[in-house]
Amino acid sequence: MPQEMFFEFEGVSRTFTVRGGRAQTFHALAPLTCGFRRGVSCALVGESGSGKTTLARLLTGLLSPSSGRIRIEGQPQEQALHDRRRPYARRVQMVFQNPYLSLDPKWNIRSILEEGLFYLSAAERHSRACRVLEQVGLPAHYASRRPSALSGGERQRVAIARALAVEPDFLILDEPTSQLDVSVQAQILTLIQSLKPVLQGGILWITHDLALAARVAEVLLVLREGKLVEAGPCLEVLGHPRETYTRQLLASIPVWPPRGGGQ
Amino acid sequence: MSQLIVQARGLCLGYEKGKVAAGPLDLEIREGEALGILGESGAGKSTLGYEILGLLQEKGGSRVGGDLHCHLDPLEIGFIPQDPLSSLDPLFSIGSQMKELGADASEIQTALRRVHLSLDNISLKSYPHELSGGMRQRLVIAMALLRSPRLVIADEPTSSLDVTLQAEILKLFREIHAEGVAFLFITHHVLLAANFCDRLAVMQAGSIVETGTPREIMETPRHAYTAALVAAVPRL
């Protein structure tokens, strides 16, 4: 019987020490208790410095909590990170914000896609790489190209393919389209939504674009200065925001036709 | 009809010899008008902005053909670049960078007040990295306003800012525009441009494919590319 919650947070916080003159403690994430239900796509919104990326890095295990516990499918994260039978990287994967920086320029696409597949035979690695390229809608001959020969949208597709290659359960996307043009953004959104059936654990979108969150997510989490200020079903939160901050975020988004009947 | 301040006829701009990056372009900006240039990466939006500023040669490009009549003194054009951090010199205090533009203390104060910065919350002795992103962008706007420009060219002025700061900067632009300053607002953000501009020009692969009021562009686009661009925008 699989756990209903994929991730559970119990009072998880994270602080950083800021140096310069006197050492100071910066609370990037205040103690947070919440759960990520299996198979749900969730959007995490908030402004720069609100702790979105810190939360994502805690989920990937790249960062450990200063206090509290994280559980993945009921298993404590620190134990899951050392579980040799189920390597953590094959359970949780992340796609980074900038496709111009997240791919090694010296490697060809095939090596980039196969790097994490060391546990497979050469033939299996090759067929897996071809399969994920097809999954993200890139032609097979791109495998021999280097990232520099690809456009921004194609690079982000490669980054998504790399994350999918290890067949993860849970995918984290950190502002996956903020560097891309709107028409390319629309293609990438459609692509990721089509992947939902293979991501059994769920999807976490990090964004500061509420309109984008409304399009892709079922659940919305709003972070402000390291605190979770609002959470709930996406349409409910956007339709009836309870917090002033959420309302302020919503009011900041330009809409058409303009508010107050301008123009 | 108000006076024309910028007029381009069959303007072709390029970076390599004979190769056209943008054009032929026909474009008019009238006194006090906010014209939005919409388009995706590589459409030639910034190239057009640089040419009107007279900076295209500096950027390694040149005019390949056509005419551009700019009825303004170069000092009457203000420029707001995309990234406020890289457009300010990290080695000089903000006060000295403003003085470098030939402004005296009272002009600096007036310009800062127009962008809602005052000497109470900002020190002219501070360096660009000591300011927040929103403050830096407001400072760059203040610098663009120092010479009382009649035209402000803003190249993606909010794309490195959060949504609430973006709304703040847009409000500021509205105030400046209400004082009769014309804008050339270059952006890929369709809704932002539609909310601010009087007229929009949509660029694709170096050409202007459609020009119209925000209402025409948003609600009854005539060109297929405009329709696709408007449809691709996620909305609430």
# chains A, B, ... in the order shown; residues from 1 in each chain; ligands from 1
>>> closest_atom_pairs(of="chain B", to="chain A", cutoff="7 Å", atoms="only C-alpha atoms", output="Markdown table")
| residue | atom | partner | partner_atom | distance |
| --- | --- | --- | --- | --- |
| B:Glu40 | CA | A:Asp181 | CA | 5.7 |
| B:Ser41 | CA | A:Asp181 | CA | 6.7 |
| B:Asp162 | CA | A:Glu47 | CA | 5.9 |
| B:Val163 | CA | A:Ser252 | CA | 5.8 |
| B:Thr164 | CA | A:Ser252 | CA | 5.3 |
| B:Ala167 | CA | A:Ser252 | CA | 5.2 |
| B:Leu191 | CA | A:Pro254 | CA | 5.7 |
| B:Leu192 | CA | A:Pro254 | CA | 5.7 |
| B:Asn195 | CA | A:Pro258 | CA | 6.0 |
| B:Leu229 | CA | A:Ser183 | CA | 6.3 |
| B:Ala232 | CA | A:Ser183 | CA | 5.4 |
| B:Val233 | CA | A:Val182 | CA | 6.2 |
| B:Pro234 | CA | A:Ala211 | CA | 5.6 |
| B:Arg235 | CA | A:Ala211 | CA | 4.9 |
| B:Leu236 | CA | A:Ala211 | CA | 4.7 |
>>> residues_around(residues="Arg157 of chain A", least_positions_apart="4", cutoff="9 Å", atoms="only C-alpha atoms", output="list in words")
Pro99, Leu133, Val136, Gly137, Leu138, Gly152, Gly153, Ala161, Arg162, Ile188 and Leu191 of chain A
>>> atom_distance(atom1="atom CA of Ile70 of chain A", atom2="atom CA of Phe36 of chain A")
11.0 Å
>>> select_by_dssp(residues="segment 29-230 of chain A", states="strand (DSSP E or B)", output="number ranges by chain")
A: 29-37, 40-45, 67-72, 75-76, 92-95, 170-174, 202-207, 219-224, 227-230
>>> residues_around(residues="Arg215 of chain B", least_positions_apart="4", cutoff="8 Å", atoms="only C-alpha atoms", output="MDAnalysis selection string")
chainID B and resid 194 219:220
>>> atom_distance(atom1="atom CA of Glu16 of chain B", atom2="atom CA of Thr47 of chain B")
12.9 Å
>>> residues_around(residues="Arg145 of chain A", least_positions_apart="3", cutoff="7 Å", atoms="only C-alpha atoms", output="list in words")
Asn108, Ile109, Tyr142 and Ala149 of chain A
>>> write_last_selection(atoms="all heavy atoms", output="PDB file, in the first residue's frame")
ATOM      1  N   ASN A 108      28.333  16.242 -25.321  1.00  0.00           N
ATOM      2  CA  ASN A 108      27.220  16.189 -26.266  1.00  0.00           C
ATOM      3  C   ASN A 108      25.968  15.714 -25.535  1.00  0.00           C
ATOM      4  O   ASN A 108      26.035  15.259 -24.393  1.00  0.00           O
ATOM      5  CB  ASN A 108      27.551  15.357 -27.505  1.00  0.00           C
ATOM      6  CG  ASN A 108      27.781  13.898 -27.202  1.00  0.00           C
ATOM      7  OD1 ASN A 108      27.246  13.371 -26.227  1.00  0.00           O
ATOM      8  ND2 ASN A 108      28.572  13.238 -28.017  1.00  0.00           N
ATOM      9  N   ILE A 109      24.828  15.874 -26.194  1.00  0.00           N
ATOM     10  CA  ILE A 109      23.551  15.609 -25.530  1.00  0.00           C
ATOM     11  C   ILE A 109      23.468  14.164 -25.041  1.00  0.00           C
ATOM     12  O   ILE A 109      22.983  13.888 -23.947  1.00  0.00           O
ATOM     13  CB  ILE A 109      22.371  15.921 -26.491  1.00  0.00           C
ATOM     14  CG1 ILE A 109      22.475  17.369 -27.023  1.00  0.00           C
ATOM     15  CG2 ILE A 109      21.037  15.680 -25.845  1.00  0.00           C
ATOM     16  CD1 ILE A 109      22.579  18.430 -25.976  1.00  0.00           C
ATOM     17  N   TYR A 142      19.807  14.707 -32.486  1.00  0.00           N
ATOM     18  CA  TYR A 142      20.314  15.733 -31.571  1.00  0.00           C
ATOM     19  C   TYR A 142      21.304  15.151 -30.568  1.00  0.00           C
ATOM     20  O   TYR A 142      22.062  15.877 -29.950  1.00  0.00           O
ATOM     21  CB  TYR A 142      19.160  16.390 -30.796  1.00  0.00           C
ATOM     22  CG  TYR A 142      18.544  17.575 -31.497  1.00  0.00           C
ATOM     23  CD1 TYR A 142      18.321  17.552 -32.862  1.00  0.00           C
ATOM     24  CD2 TYR A 142      18.188  18.717 -30.786  1.00  0.00           C
ATOM     25  CE1 TYR A 142      17.747  18.620 -33.508  1.00  0.00           C
ATOM     26  CE2 TYR A 142      17.618  19.804 -31.429  1.00  0.00           C
ATOM     27  CZ  TYR A 142      17.399  19.755 -32.785  1.00  0.00           C
ATOM     28  OH  TYR A 142      16.836  20.821 -33.421  1.00  0.00           O
ATOM     29  N   ALA A 149      24.618  24.163 -29.870  1.00  0.00           N
ATOM     30  CA  ALA A 149      23.929  24.101 -31.164  1.00  0.00           C
ATOM     31  C   ALA A 149      22.415  24.081 -30.998  1.00  0.00           C
ATOM     32  O   ALA A 149      21.682  23.911 -31.963  1.00  0.00           O
ATOM     33  CB  ALA A 149      24.393  22.853 -31.922  1.00  0.00           C
TER      34      ALA A 149
END
>>> residues_around(residues="Leu44 of chain A", least_positions_apart="6", cutoff="12 Å", atoms="only C-alpha atoms", output="ChimeraX atom specification")
/A:36,50-56,172-175,203-210,212-214,216-224,226-232,234
